[in-house]
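Peer 1: Hey, dropping data24.cif in here, mmCIF, C-alpha atoms and all ligand atoms:
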```cif
data_input
#
loop_
_atom_site.label_atom_id
_atom_site.label_comp_id
_atom_site.auth_asym_id
_atom_site.auth_seq_id
_atom_site.Cartn_x
_atom_site.Cartn_y
_atom_site.Cartn_z
CA MET J 1 104.20 45.89 157.32
CA ARG J 2 105.70 42.39 157.20
CA PRO J 3 103.80 40.07 154.81
CA VAL J 4 103.46 37.31 157.47
CA SER J 5 104.21 37.52 161.18
CA LEU J 6 103.48 35.18 164.02
CA SER J 7 103.02 36.25 167.65
CA GLY J 8 105.55 35.07 170.23
CA ASP J 9 103.29 32.28 171.46
CA GLY J 10 102.48 31.28 167.87
CA ASP J 11 98.72 31.77 168.32
CA VAL J 12 98.16 34.95 166.32
CA LEU J 13 99.12 35.19 162.66
CA ALA J 14 99.09 38.49 160.82
CA VAL J 15 99.16 38.26 157.04
CA SER J 16 98.88 40.77 154.24
CA ALA J 17 99.04 40.78 150.47
CA GLY J 18 102.51 40.61 149.00
CA GLY J 19 104.28 39.02 146.07
CA PRO J 20 103.08 36.01 144.09
CA LEU J 21 103.25 32.40 145.24
CA GLN J 22 105.80 30.63 143.10
CA GLY J 23 107.72 27.41 143.34
CA GLU J 24 107.36 23.77 144.25
CA LEU J 25 106.09 22.21 147.45
CA ARG J 26 105.49 18.78 148.89
CA VAL J 27 102.52 19.06 151.23
CA PRO J 28 102.34 16.91 154.41
CA GLY J 29 101.46 13.24 154.16
CA ASP J 30 97.74 12.60 153.84
CA LYS J 31 96.06 12.65 157.23
CA SER J 32 93.37 10.06 156.44
CA ILE J 33 95.92 7.60 155.05
CA SER J 34 98.33 8.26 157.95
CA HIS J 35 95.70 7.37 160.58
CA ARG J 36 94.78 4.18 158.78
CA ALA J 37 98.42 3.21 158.19
CA LEU J 38 99.09 3.37 161.94
CA LEU J 39 95.91 1.47 162.84
CA LEU J 40 96.38 -1.29 160.26
CA ALA J 41 100.08 -1.63 161.14
CA ALA J 42 99.08 -2.06 164.80
CA LEU J 43 96.73 -4.89 163.78
CA ALA J 44 99.26 -6.60 161.50
CA ASP J 45 101.29 -9.51 162.79
CA GLY J 46 104.83 -8.10 162.50
CA ASP J 47 106.77 -5.00 161.53
CA SER J 48 105.48 -2.34 159.16
CA SER J 49 107.18 0.84 158.03
CA ILE J 50 105.52 4.11 157.12
CA SER J 51 107.29 6.98 155.39
CA GLY J 52 105.83 10.42 154.80
CA LEU J 53 103.46 10.12 157.76
CA SER J 54 101.54 13.33 158.53
CA GLY J 55 103.43 15.27 161.20
CA GLY J 56 100.23 16.81 162.58
CA ALA J 57 98.91 16.47 166.11
CA ASP J 58 95.90 14.39 164.99
CA VAL J 59 98.07 11.63 163.61
CA ALA J 60 100.39 11.84 166.62
CA ALA J 61 97.28 11.14 168.74
CA THR J 62 96.59 7.97 166.76
CA ALA J 63 100.24 6.91 167.11
CA ALA J 64 100.03 7.39 170.89
CA ALA J 65 96.74 5.50 171.01
CA VAL J 66 98.03 2.42 169.20
CA GLY J 67 101.03 2.55 171.54
CA ALA J 68 98.68 2.52 174.52
CA LEU J 69 96.95 -0.49 172.97
CA GLY J 70 100.25 -2.39 172.88
CA ALA J 71 101.74 -1.75 169.45
CA VAL J 72 105.34 -0.51 169.40
CA VAL J 73 105.74 2.73 167.45
CA GLU J 74 109.24 4.09 166.79
CA SER J 75 110.47 6.97 164.66
CA ALA J 76 113.66 6.38 162.73
CA GLY J 77 114.38 9.58 160.80
CA GLU J 78 111.81 9.91 158.03
CA VAL J 79 110.33 6.49 158.69
CA VAL J 80 107.97 5.34 161.43
CA ARG J 81 108.16 1.65 162.31
CA VAL J 82 105.22 -0.09 163.90
CA ARG J 83 105.36 -3.53 165.46
CA GLY J 84 101.86 -4.95 165.47
CA ARG J 85 100.79 -7.49 168.04
CA GLU J 86 97.74 -8.81 169.88
CA LEU J 87 96.32 -5.60 171.35
CA ARG J 88 95.93 -5.25 175.11
CA GLU J 89 93.85 -3.16 177.48
CA PRO J 90 95.27 0.36 177.62
CA PRO J 91 96.58 1.44 181.03
CA GLY J 92 94.24 4.46 181.14
CA PRO J 93 91.85 6.58 179.06
CA ILE J 94 93.06 7.41 175.55
CA ASP J 95 93.06 11.12 174.72
CA VAL J 96 92.75 11.82 171.00
CA GLY J 97 93.01 15.60 171.40
CA ASN J 98 91.22 17.32 168.52
CA SER J 99 91.05 14.29 166.24
CA GLY J 100 87.59 13.09 165.24
CA THR J 101 89.09 10.57 162.82
CA SER J 102 91.17 9.02 165.61
CA ILE J 103 88.29 8.57 168.03
CA ARG J 104 85.92 7.14 165.43
CA LEU J 105 88.34 4.71 163.78
CA LEU J 106 89.76 3.63 167.15
CA SER J 107 86.25 2.90 168.37
CA GLY J 108 85.92 0.31 165.57
CA ILE J 109 89.07 -1.44 166.74
CA ALA J 110 88.14 -1.14 170.43
CA ALA J 111 84.82 -2.82 169.61
CA GLY J 112 86.70 -5.89 168.43
CA CYS J 113 89.00 -6.20 171.45
CA PRO J 114 88.03 -8.22 174.53
CA PHE J 115 88.64 -5.44 177.06
CA THR J 116 87.48 -1.94 177.92
CA THR J 117 88.84 1.13 176.14
CA VAL J 118 87.95 4.68 177.15
CA LEU J 119 88.27 7.23 174.34
CA GLY J 120 87.94 10.98 174.77
CA GLY J 121 89.29 14.19 173.34
CA ASP J 122 89.29 17.95 173.66
CA ALA J 123 86.13 20.04 173.99
CA SER J 124 85.61 19.98 170.21
CA VAL J 125 85.82 16.19 169.91
CA ASN J 126 83.63 15.72 172.96
CA ARG J 127 80.93 17.86 171.29
CA ARG J 128 80.92 15.95 168.00
CA PRO J 129 78.32 13.26 167.20
CA MET J 130 79.40 9.73 168.12
CA ASP J 131 76.03 7.98 167.75
CA ARG J 132 76.90 7.47 164.08
CA VAL J 133 79.57 4.96 165.18
CA ALA J 134 78.05 3.81 168.50
CA GLU J 135 74.91 2.54 166.82
CA PRO J 136 76.47 0.11 164.28
CA LEU J 137 79.10 -1.04 166.80
CA ARG J 138 76.35 -1.93 169.28
CA LEU J 139 74.50 -3.86 166.59
CA MET J 140 77.72 -5.81 166.01
CA GLY J 141 77.75 -6.75 169.70
CA ALA J 142 80.05 -4.21 171.39
CA GLU J 143 79.04 -2.38 174.53
CA VAL J 144 79.35 1.34 173.86
CA ARG J 145 78.61 3.83 176.61
CA GLY J 146 79.25 7.52 176.66
CA VAL J 147 77.94 10.94 177.49
CA ASP J 148 74.30 11.50 176.57
CA GLY J 149 73.62 7.79 176.02
CA GLY J 150 76.78 7.34 173.92
CA ARG J 151 75.98 10.20 171.56
CA ARG J 152 79.08 12.05 172.70
CA ALA J 153 82.58 11.22 173.89
CA PRO J 154 84.19 10.22 176.15
CA LEU J 155 83.18 6.74 175.04
CA ARG J 156 83.65 3.59 177.08
CA ILE J 157 83.79 0.59 174.79
CA THR J 158 83.90 -3.01 175.89
CA GLY J 159 84.57 -5.19 172.90
CA GLY J 160 84.82 -8.84 172.07
CA ARG J 161 83.53 -11.28 169.53
CA LEU J 162 81.42 -9.32 167.06
CA ARG J 163 78.91 -10.36 164.42
CA GLY J 164 78.91 -8.98 160.92
CA ILE J 165 76.16 -6.56 159.96
CA ARG J 166 74.92 -4.85 156.85
CA TRP J 167 75.08 -1.10 157.49
CA ARG J 168 73.88 1.82 155.43
CA PRO J 169 75.18 4.95 157.21
CA PRO J 170 72.53 7.68 157.45
CA VAL J 171 75.23 10.29 156.70
CA ALA J 172 77.84 10.00 153.96
CA SER J 173 80.97 9.57 156.06
CA GLY J 174 84.34 8.00 155.33
CA GLN J 175 84.93 7.85 159.07
CA VAL J 176 81.79 5.83 159.75
CA LYS J 177 82.52 3.46 156.87
CA GLY J 178 86.08 3.02 158.14
CA THR J 179 84.94 2.39 161.69
CA VAL J 180 82.46 -0.32 160.73
CA LEU J 181 84.94 -1.99 158.36
CA LEU J 182 87.67 -2.04 161.01
CA ALA J 183 85.24 -3.65 163.46
CA GLY J 184 84.37 -6.11 160.68
CA LEU J 185 87.96 -7.41 160.85
CA PHE J 186 86.98 -8.95 164.22
CA ALA J 187 83.46 -10.13 163.33
CA ASP J 188 81.90 -13.49 162.56
CA GLY J 189 80.50 -13.52 159.04
CA GLU J 190 80.51 -10.67 156.59
CA THR J 191 80.27 -6.98 157.46
CA VAL J 192 78.89 -4.88 154.63
CA VAL J 193 78.79 -1.10 154.37
CA SER J 194 76.55 0.19 151.65
CA GLU J 195 76.98 3.85 150.81
CA PRO J 196 74.27 6.20 149.58
CA ILE J 197 77.00 8.50 148.21
CA PRO J 198 80.55 7.12 147.81
CA THR J 199 82.99 8.56 150.35
CA ARG J 200 86.78 8.48 150.57
CA ALA J 201 87.95 4.94 149.91
CA HIS J 202 91.14 4.82 151.97
CA THR J 203 89.97 2.10 154.35
CA GLU J 204 89.02 -0.36 151.64
CA GLU J 205 91.99 0.58 149.42
CA MET J 206 94.42 -0.04 152.26
CA LEU J 207 92.69 -3.18 153.56
CA GLU J 208 92.90 -4.59 150.05
CA ALA J 209 96.55 -3.59 149.59
CA PHE J 210 97.55 -5.06 152.96
CA GLY J 211 95.98 -8.47 152.52
CA ALA J 212 92.73 -8.28 154.51
CA ASP J 213 89.65 -10.08 153.24
CA VAL J 214 87.76 -7.22 151.57
CA ARG J 215 85.48 -6.99 148.54
CA VAL J 216 84.28 -3.82 146.81
CA ALA J 217 81.37 -3.95 144.36
CA GLY J 218 78.26 -2.04 143.42
CA GLY J 219 78.48 0.71 146.03
CA GLU J 220 79.18 -1.81 148.80
CA VAL J 221 82.30 -2.72 150.72
CA ALA J 222 82.38 -6.08 152.52
CA VAL J 223 84.99 -7.42 154.93
CA ARG J 224 85.47 -10.68 156.78
CA ALA J 225 87.55 -11.39 159.85
CA SER J 226 91.19 -11.17 158.83
CA ARG J 227 94.45 -9.61 159.86
CA PRO J 228 96.41 -7.25 157.61
CA SER J 229 99.89 -8.43 156.63
CA PRO J 230 102.82 -6.23 157.69
CA PHE J 231 103.53 -3.62 155.00
CA ASP J 232 105.70 -0.74 153.86
CA ILE J 233 103.90 2.39 152.73
CA ALA J 234 104.97 5.80 151.44
CA VAL J 235 102.11 8.14 152.32
CA PRO J 236 101.24 10.53 149.45
CA GLY J 237 100.65 14.25 149.99
CA ASP J 238 97.36 15.41 151.47
CA PRO J 239 94.90 16.82 148.91
CA SER J 240 93.18 18.77 151.70
CA ALA J 241 96.49 20.59 152.32
CA ALA J 242 97.09 20.94 148.58
CA ALA J 243 93.79 22.77 148.18
CA PHE J 244 95.09 25.77 150.19
CA TRP J 245 97.97 26.33 147.79
CA MET J 246 95.88 25.71 144.68
CA VAL J 247 93.40 28.38 145.78
CA GLY J 248 96.23 30.68 146.90
CA ALA J 249 97.90 30.31 143.49
CA ALA J 250 94.63 30.98 141.69
CA LEU J 251 93.93 34.15 143.70
CA VAL J 252 97.30 35.89 144.09
CA PRO J 253 98.29 37.64 140.84
CA GLY J 254 101.40 36.26 139.14
CA SER J 255 101.37 32.97 141.08
CA ASP J 256 102.54 29.64 139.68
CA VAL J 257 102.75 26.76 142.17
CA THR J 258 103.60 23.10 141.62
CA LEU J 259 102.72 20.46 144.21
CA HIS J 260 104.35 17.05 144.02
CA ASP J 261 102.99 13.66 144.93
CA VAL J 262 99.43 14.49 146.00
CA TYR J 263 96.91 11.68 146.56
CA GLN J 264 94.03 11.58 144.12
CA GLY J 265 91.27 9.04 144.50
CA GLN J 266 87.61 8.44 145.30
CA GLY J 267 86.17 10.99 147.66
CA ARG J 268 89.16 13.33 147.62
CA ASP J 269 89.27 15.01 144.21
CA GLY J 270 86.11 17.10 144.26
CA TYR J 271 88.08 20.30 144.91
CA LEU J 272 89.97 19.86 141.62
CA ASP J 273 86.71 19.44 139.77
CA VAL J 274 85.26 22.57 141.35
CA LEU J 275 88.40 24.63 140.65
CA HIS J 276 88.28 23.46 137.01
CA ARG J 277 84.64 24.50 136.77
CA MET J 278 85.51 27.85 138.33
CA GLY J 279 87.94 28.33 135.44
CA ALA J 280 91.18 27.96 137.41
CA ASP J 281 94.35 27.54 135.37
CA LEU J 282 95.04 24.13 136.86
CA THR J 283 96.93 21.15 135.45
CA VAL J 284 96.64 17.68 136.96
CA GLN J 285 99.40 15.30 135.90
CA PRO J 286 98.93 11.68 137.03
CA THR J 287 102.18 10.15 138.25
CA GLY J 288 100.82 6.65 138.97
CA ASP J 289 99.43 4.80 141.98
CA ARG J 290 96.66 7.34 142.72
CA ARG J 291 99.19 10.19 142.81
CA VAL J 292 99.28 13.42 140.87
CA ARG J 293 101.41 16.49 140.35
CA LEU J 294 99.36 19.69 140.45
CA VAL J 295 100.22 22.99 138.84
CA CYS J 296 98.09 26.09 139.38
CA ARG J 297 98.57 29.59 138.03
CA ALA J 298 96.73 32.78 138.89
CA GLY J 299 93.71 33.68 136.83
CA PRO J 300 90.11 34.83 137.02
CA LEU J 301 87.51 32.52 138.61
CA ARG J 302 83.75 32.30 138.17
CA GLY J 303 81.06 31.21 140.60
CA VAL J 304 79.66 27.67 140.40
CA THR J 305 77.08 25.44 142.06
CA VAL J 306 78.42 22.57 144.17
CA THR J 307 75.65 20.00 144.60
CA ALA J 308 74.90 18.00 147.74
CA GLY J 309 76.13 14.85 145.99
CA GLU J 310 79.57 16.42 145.54
CA VAL J 311 79.96 17.59 149.12
CA PRO J 312 81.48 14.37 150.59
CA ASP J 313 84.20 14.63 147.90
CA LEU J 314 85.33 18.04 149.11
CA ILE J 315 83.98 18.31 152.64
CA ASP J 316 87.32 19.46 154.12
CA GLU J 317 88.06 21.83 151.24
CA ILE J 318 84.89 23.92 151.46
CA PRO J 319 86.42 26.59 153.74
CA VAL J 320 89.15 27.46 151.25
CA LEU J 321 86.89 26.98 148.21
CA ALA J 322 84.51 29.47 149.84
CA VAL J 323 87.38 31.98 149.98
CA ALA J 324 87.94 31.40 146.25
CA ALA J 325 84.22 31.85 145.69
CA ALA J 326 84.26 35.24 147.44
CA VAL J 327 86.66 36.58 144.83
CA ALA J 328 85.10 34.75 141.85
CA ASP J 329 82.82 36.44 139.41
CA GLY J 330 79.20 35.56 140.30
CA PRO J 331 77.66 33.58 143.14
CA THR J 332 78.73 30.14 144.34
CA ARG J 333 76.39 27.76 146.14
CA PHE J 334 77.55 24.88 148.33
CA GLU J 335 74.36 22.83 148.63
CA GLY J 336 73.71 20.17 151.26
CA ALA J 337 76.69 21.24 153.35
CA GLY J 338 75.05 20.66 156.78
CA GLU J 339 77.77 18.18 157.83
CA LEU J 340 80.10 21.17 158.14
CA ARG J 341 78.32 21.98 161.41
CA HIS J 342 79.81 18.82 162.93
CA LYS J 343 83.48 19.29 162.11
CA GLU J 344 86.28 20.60 164.36
CA SER J 345 84.06 23.68 164.69
CA ASP J 346 80.73 24.71 163.20
CA ARG J 347 82.32 25.40 159.85
CA LEU J 348 79.18 26.78 158.24
CA GLN J 349 79.09 29.58 160.82
CA ASN J 350 82.83 30.11 160.93
CA VAL J 351 83.26 30.22 157.15
CA LEU J 352 80.38 32.66 156.95
CA GLY J 353 81.81 34.81 159.77
CA GLY J 354 85.28 34.81 158.22
CA LEU J 355 84.02 35.77 154.78
CA VAL J 356 82.02 38.65 156.21
CA ALA J 357 85.04 39.76 158.28
CA LEU J 358 87.04 40.02 155.04
CA GLY J 359 84.32 42.10 153.37
CA ALA J 360 82.61 39.38 151.32
CA ARG J 361 78.87 38.81 151.15
CA ALA J 362 77.60 35.36 152.06
CA GLU J 363 74.61 33.66 153.68
CA VAL J 364 73.63 30.29 155.05
CA GLU J 365 70.19 29.19 153.77
CA GLY J 366 69.27 25.94 155.51
CA ASP J 367 72.17 23.64 154.63
CA THR J 368 73.34 25.74 151.69
CA LEU J 369 76.21 28.20 151.89
CA VAL J 370 75.80 30.97 149.35
CA VAL J 371 78.87 33.08 148.62
CA HIS J 372 78.30 36.17 146.49
CA GLY J 373 81.36 36.63 144.36
CA GLY J 374 83.12 39.70 143.14
CA ALA J 375 84.35 40.87 146.51
CA GLY J 376 87.58 42.77 146.66
CA LEU J 377 88.64 41.27 149.99
CA ARG J 378 89.92 43.57 152.70
CA GLY J 379 91.89 42.55 155.77
CA GLY J 380 89.97 41.74 158.93
CA ARG J 381 90.06 39.87 162.20
CA ILE J 382 89.38 36.13 162.19
CA ASP J 383 88.86 33.82 165.13
CA ALA J 384 89.87 30.33 163.96
CA ALA J 385 87.65 28.87 166.72
CA GLY J 386 90.24 26.15 167.35
CA ASP J 387 89.76 24.91 163.78
CA HIS J 388 92.88 24.38 161.66
CA ARG J 389 91.09 24.58 158.34
CA ILE J 390 89.36 27.86 159.22
CA ALA J 391 92.76 29.33 160.20
CA MET J 392 94.49 28.24 156.97
CA ALA J 393 91.57 29.11 154.66
CA PHE J 394 91.50 32.70 155.93
CA CYS J 395 95.27 32.97 155.78
CA ILE J 396 94.86 32.27 152.05
CA GLY J 397 92.09 34.89 152.02
CA GLY J 398 94.49 37.32 153.72
CA LEU J 399 97.02 36.83 150.89
CA ALA J 400 94.41 38.15 148.47
CA ALA J 401 93.08 40.98 150.68
CA ILE J 402 93.97 44.65 150.87
CA GLY J 403 95.32 45.43 154.33
CA GLU J 404 96.21 43.16 157.20
CA THR J 405 94.31 40.03 158.25
CA VAL J 406 94.86 38.92 161.84
CA ILE J 407 93.98 35.32 162.69
CA SER J 408 93.75 34.28 166.33
CA GLY J 409 93.81 30.61 167.25
CA TRP J 410 96.57 29.97 164.71
CA ARG J 411 98.08 27.22 166.86
CA SER J 412 95.24 24.93 165.75
CA VAL J 413 97.08 24.58 162.42
CA ALA J 414 99.38 22.07 164.17
CA THR J 415 96.46 19.63 163.95
CA SER J 416 97.21 18.88 160.29
CA TYR J 417 99.88 21.21 158.93
CA PRO J 418 102.51 22.34 161.45
CA GLY J 419 104.81 23.59 158.65
CA PHE J 420 102.21 25.77 156.90
CA VAL J 421 103.96 29.10 157.61
CA GLU J 422 107.31 27.69 156.51
CA ASP J 423 105.75 26.41 153.27
CA LEU J 424 104.20 29.83 152.73
CA ALA J 425 107.60 31.47 153.20
CA ARG J 426 109.10 28.92 150.78
CA CYS J 427 106.79 29.83 147.90
CA ARG J 428 106.07 33.50 148.55
CA ARG J 429 108.11 35.95 146.49
CA ALA J 430 108.95 39.45 147.71
C1 LIG Y 501 87.86 11.57 157.23
C2 LIG Y 501 86.60 11.70 156.76
C3 LIG Y 501 85.89 12.99 156.72
C4 LIG Y 501 86.80 14.19 156.91
C5 LIG Y 501 87.81 13.97 157.96
C6 LIG Y 501 88.65 12.72 157.70
C7 LIG Y 501 88.48 10.22 157.23
O1 LIG Y 501 84.93 12.96 157.75
O2 LIG Y 501 86.06 15.34 157.18
O3 LIG Y 501 88.69 15.10 158.03
O4 LIG Y 501 89.70 10.13 157.36
O5 LIG Y 501 87.73 9.26 157.06
P1 LIG Y 501 83.47 12.35 157.46
O6 LIG Y 501 83.67 11.31 156.44
O7 LIG Y 501 83.00 11.78 158.72
O8 LIG Y 501 82.68 13.50 156.93
#
```
Written as structure tokens, that's how I'd like the structure from this file.
Peer 2:
Amino acid sequence: MRPVSLSGDGDVLAVSAGGPLQGELRVPGDKSISHRALLLAALADGDSSISGLSGGADVAATAAAVGALGAVVESAGEVVRVRGRELREPPGPIDVGNSGTSIRLLSGIAAGCPFTTVLGGDASVNRRPMDRVAEPLRLMGAEVRGVDGGRRAPLRITGGRLRGIRWRPPVASGQVKGTVLLAGLFADGETVVSEPIPTRAHTEEMLEAFGADVRVAGGEVAVRASRPSPFDIAVPGDPSAAAFWMVGAALVPGSDVTLHDVYQGQGRDGYLDVLHRMGADLTVQPTGDRRVRLVCRAGPLRGVTVTAGEVPDLIDEIPVLAVAAAVADGPTRFEGAGELRHKESDRLQNVLGGLVALGARAEVEGDTLVVHGGAGLRGGRIDAAGDHRIAMAFCIGGLAAIGETVISGWRSVATSYPGFVEDLARCRRA
């Protein structure tokens, strides 16, 4: 039995337990930062350069979208150059594929542009809630139409002069905050987003770094009409990708993995906190500028409670943390995790289904995912349901299971981490 094999069309991955994970990796550039770098560079008046951009399909969709809106995007080896300019009406509908971040953030920019932009995606994106962005953008003065009264994409946005609003998103969402702040760059007066629970701060961090008029204080972020200055950015590694290897290293006996240059900042470091509380042998070494080196070694884990207030800080890491929880000693609760139903797939159901397929015991009680620990995982069949994080989380589960795990829908991994199998081969010892 080969430890990892991929079907000819790349859509079925078979994985089984093998040697430890050892060595050093640099995970792909952060997806959230990559989207925002492309969008802000498109708005800047001049040439920006981005190195370490995520190579995933989601970010490629944003690059294509800003191109359709008139920015010039060119790859030159490791660097992507973007020439920002006055945006223009795209020649046709923009297809964001599987990328919820692209459609939401782009809708904020479309709302500020004096033309009509049509934004749609694949079946998953077109199922996801869009009222959370349509509502504030309408209040700012944009016309937002769409399926089911604008609750779903495709969206048809006619923008123009906007007015600033004060917005308190009903769900804790970095995407909604980002969307409203980007629209605020085109609005008269101040646009303020006030957050019930702080979410990832990339939009405000990058607006501030790139010269837009932004103010952060007391749980509020405020912007005024302004244009980012052209910039050069080196995108740090994606903590959501790092989490797979940290859990893999914790679970596979004898492992010792180092990850270089991983972003660490507000709204993105909850997984490290949870792994610490679970007792993982994890070292976090700050290397400056919101970047860390991470080292994780194999060791026993214990179950923990993750509270609703923590969930926005680790929303994308719950699938792989749930795999860790299945092996940990004692139960783990992920409370207030209902937002997982609205991701690339219904992640509450698909995490539950995957855990059960690998022989773990778990339940969903309302919005809480309960994972009973202590399972010796056994190989099983997983349907990734078109969801990259489900595919990768259960690949990590498969590394710690007895027997073969077969994951269908593996191609979805290209959304965020096209080189995942190569990185696995790089750090897996015979
Ligand atoms: C993202 C925010 C999160 C996250 C998504 C990326 C972003 O979504 O799940 O993968 O870049 O702002 P929500 O903040 O809407 O939960």
Peer 1: Quick check, in Å to one decimal: how far apart do atom CA of Ala308 of chain J and atom CA of Glu339 of chain J lie?
Peer 2: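 Separation between atom CA of Ala308 of chain J and atom CA of Glu339 of chain J: 10.5 Å.
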Peer 1: Identify which of the residues J:Leu43, J:Ala37, J:Trp410, J:Ala111 lies closest to Arg227 of chain J, counting all atoms listed in the file when measuring atom-to-atom distances.
Peer 2: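 Closest candidate: J:Leu43.
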Peer 1: Could you check the closest approach to Asn98 of chain J for each of J:Asp269, J:Asp423, J:Glu143, J:Asp122 and tell me which residue wins, using only C-alpha atoms?
Peer 2: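 Using only C-alpha atoms, the shortest distance to Asn98 of chain J belongs to J:Asp122.
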Peer 1: Give me the residues near Gly265 of chain J as an NGL selection string, where near means some atom within 8 Å (using all atoms listed in the file) and where sequence neighbours in that chain fewer than 6 positions away do not count.
Peer 2: :J and (200-201 or 290)
Peer 1: Quick one: distance from atom CA of Glu317 of chain J to atom CA of Phe244 of chain J in Å, one decimal?
Peer 2: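 So the answer is 8.1 Å.
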Peer 1: At a cut-off of 8 Å around ligand LIG 501 (chain Y), and using only C-alpha atoms and all ligand atoms, what residues come up? Please write them as a PDB file with C-alpha atoms, in the coordinates of the input.
Peer 2:
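Saved to out-v6.pdb:
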```pdb
ATOM      1  CA  LYS J  31      96.060  12.650 157.230  1.00  0.00           C
ATOM      2  CA  SER J  32      93.370  10.060 156.440  1.00  0.00           C
ATOM      3  CA  ILE J  33      95.920   7.600 155.050  1.00  0.00           C
ATOM      4  CA  HIS J  35      95.700   7.370 160.580  1.00  0.00           C
ATOM      5  CA  ARG J  36      94.780   4.180 158.780  1.00  0.00           C
ATOM      6  CA  GLY J 100      87.590  13.090 165.240  1.00  0.00           C
ATOM      7  CA  THR J 101      89.090  10.570 162.820  1.00  0.00           C
ATOM      8  CA  ALA J 172      77.840  10.000 153.960  1.00  0.00           C
ATOM      9  CA  SER J 173      80.970   9.570 156.060  1.00  0.00           C
ATOM     10  CA  GLY J 174      84.340   8.000 155.330  1.00  0.00           C
ATOM     11  CA  GLN J 175      84.930   7.850 159.070  1.00  0.00           C
ATOM     12  CA  VAL J 176      81.790   5.830 159.750  1.00  0.00           C
ATOM     13  CA  LYS J 177      82.520   3.460 156.870  1.00  0.00           C
ATOM     14  CA  GLY J 178      86.080   3.020 158.140  1.00  0.00           C
ATOM     15  CA  THR J 199      82.990   8.560 150.350  1.00  0.00           C
ATOM     16  CA  ARG J 200      86.780   8.480 150.570  1.00  0.00           C
ATOM     17  CA  HIS J 202      91.140   4.820 151.970  1.00  0.00           C
ATOM     18  CA  THR J 203      89.970   2.100 154.350  1.00  0.00           C
ATOM     19  CA  PRO J 312      81.480  14.370 150.590  1.00  0.00           C
ATOM     20  CA  ILE J 315      83.980  18.310 152.640  1.00  0.00           C
ATOM     21  CA  ASP J 316      87.320  19.460 154.120  1.00  0.00           C
ATOM     22  CA  GLU J 339      77.770  18.180 157.830  1.00  0.00           C
ATOM     23  CA  LYS J 343      83.480  19.290 162.110  1.00  0.00           C
TER      24      LYS J 343
END
```
Peer 1: Neighbouring residues of Ala298 of chain J were defined as those with any atom within 10 Å, considering all atoms listed in the file; residues of the same chain fewer than 2 positions away were excluded. Please report them as a list in words.
Peer 2: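 These residues fall inside the cut-off: Pro20, Leu21, Met246, Val247, Gly248, Ala249, Ala250, Leu251, Val252, Pro253, Gly254, Ser255, Asp256, Val257, Ala280, Asp281, Leu282, Cys296, Pro300 and Leu301 of chain J.
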Peer 1: List every residue of segment 150-262 of chain J that has an atom at most 12 Å from any atom of segment 135-139 of chain J, and for each one report the closest atom pair and its distance in Å to one decimal, counting only C-alpha atoms, with rows sorted by chain and then by increasing residue number, as JSON lines.
Peer 2:
```
{"residue": "J:Gly150", "atom": "CA", "partner": "J:Glu135", "partner_atom": "CA", "distance": 8.8}
{"residue": "J:Arg151", "atom": "CA", "partner": "J:Glu135", "partner_atom": "CA", "distance": 9.1}
{"residue": "J:Arg152", "atom": "CA", "partner": "J:Glu135", "partner_atom": "CA", "distance": 11.9}
{"residue": "J:Ile157", "atom": "CA", "partner": "J:Leu137", "partner_atom": "CA", "distance": 9.4}
{"residue": "J:Thr158", "atom": "CA", "partner": "J:Arg138", "partner_atom": "CA", "distance": 10.1}
{"residue": "J:Gly159", "atom": "CA", "partner": "J:Leu137", "partner_atom": "CA", "distance": 9.2}
{"residue": "J:Gly160", "atom": "CA", "partner": "J:Leu137", "partner_atom": "CA", "distance": 11.0}
{"residue": "J:Arg161", "atom": "CA", "partner": "J:Leu137", "partner_atom": "CA", "distance": 11.5}
{"residue": "J:Leu162", "atom": "CA", "partner": "J:Leu137", "partner_atom": "CA", "distance": 8.6}
{"residue": "J:Arg163", "atom": "CA", "partner": "J:Leu139", "partner_atom": "CA", "distance": 8.1}
{"residue": "J:Gly164", "atom": "CA", "partner": "J:Leu139", "partner_atom": "CA", "distance": 8.8}
{"residue": "J:Ile165", "atom": "CA", "partner": "J:Leu139", "partner_atom": "CA", "distance": 7.3}
{"residue": "J:Arg166", "atom": "CA", "partner": "J:Pro136", "partner_atom": "CA", "distance": 9.1}
{"residue": "J:Trp167", "atom": "CA", "partner": "J:Pro136", "partner_atom": "CA", "distance": 7.0}
{"residue": "J:Arg168", "atom": "CA", "partner": "J:Pro136", "partner_atom": "CA", "distance": 9.4}
{"residue": "J:Pro169", "atom": "CA", "partner": "J:Pro136", "partner_atom": "CA", "distance": 8.7}
{"residue": "J:Pro170", "atom": "CA", "partner": "J:Pro136", "partner_atom": "CA", "distance": 10.9}
{"residue": "J:Val176", "atom": "CA", "partner": "J:Pro136", "partner_atom": "CA", "distance": 9.0}
{"residue": "J:Lys177", "atom": "CA", "partner": "J:Pro136", "partner_atom": "CA", "distance": 10.1}
{"residue": "J:Gly178", "atom": "CA", "partner": "J:Pro136", "partner_atom": "CA", "distance": 11.8}
{"residue": "J:Thr179", "atom": "CA", "partner": "J:Leu137", "partner_atom": "CA", "distance": 8.5}
{"residue": "J:Val180", "atom": "CA", "partner": "J:Leu137", "partner_atom": "CA", "distance": 7.0}
{"residue": "J:Leu181", "atom": "CA", "partner": "J:Leu137", "partner_atom": "CA", "distance": 10.3}
{"residue": "J:Leu182", "atom": "CA", "partner": "J:Leu137", "partner_atom": "CA", "distance": 10.4}
{"residue": "J:Ala183", "atom": "CA", "partner": "J:Leu137", "partner_atom": "CA", "distance": 7.5}
{"residue": "J:Gly184", "atom": "CA", "partner": "J:Leu137", "partner_atom": "CA", "distance": 9.5}
{"residue": "J:Phe186", "atom": "CA", "partner": "J:Leu137", "partner_atom": "CA", "distance": 11.5}
{"residue": "J:Ala187", "atom": "CA", "partner": "J:Leu137", "partner_atom": "CA", "distance": 10.7}
{"residue": "J:Thr191", "atom": "CA", "partner": "J:Pro136", "partner_atom": "CA", "distance": 10.5}
{"residue": "J:Val192", "atom": "CA", "partner": "J:Pro136", "partner_atom": "CA", "distance": 11.1}
{"residue": "J:Val193", "atom": "CA", "partner": "J:Pro136", "partner_atom": "CA", "distance": 10.2}
```
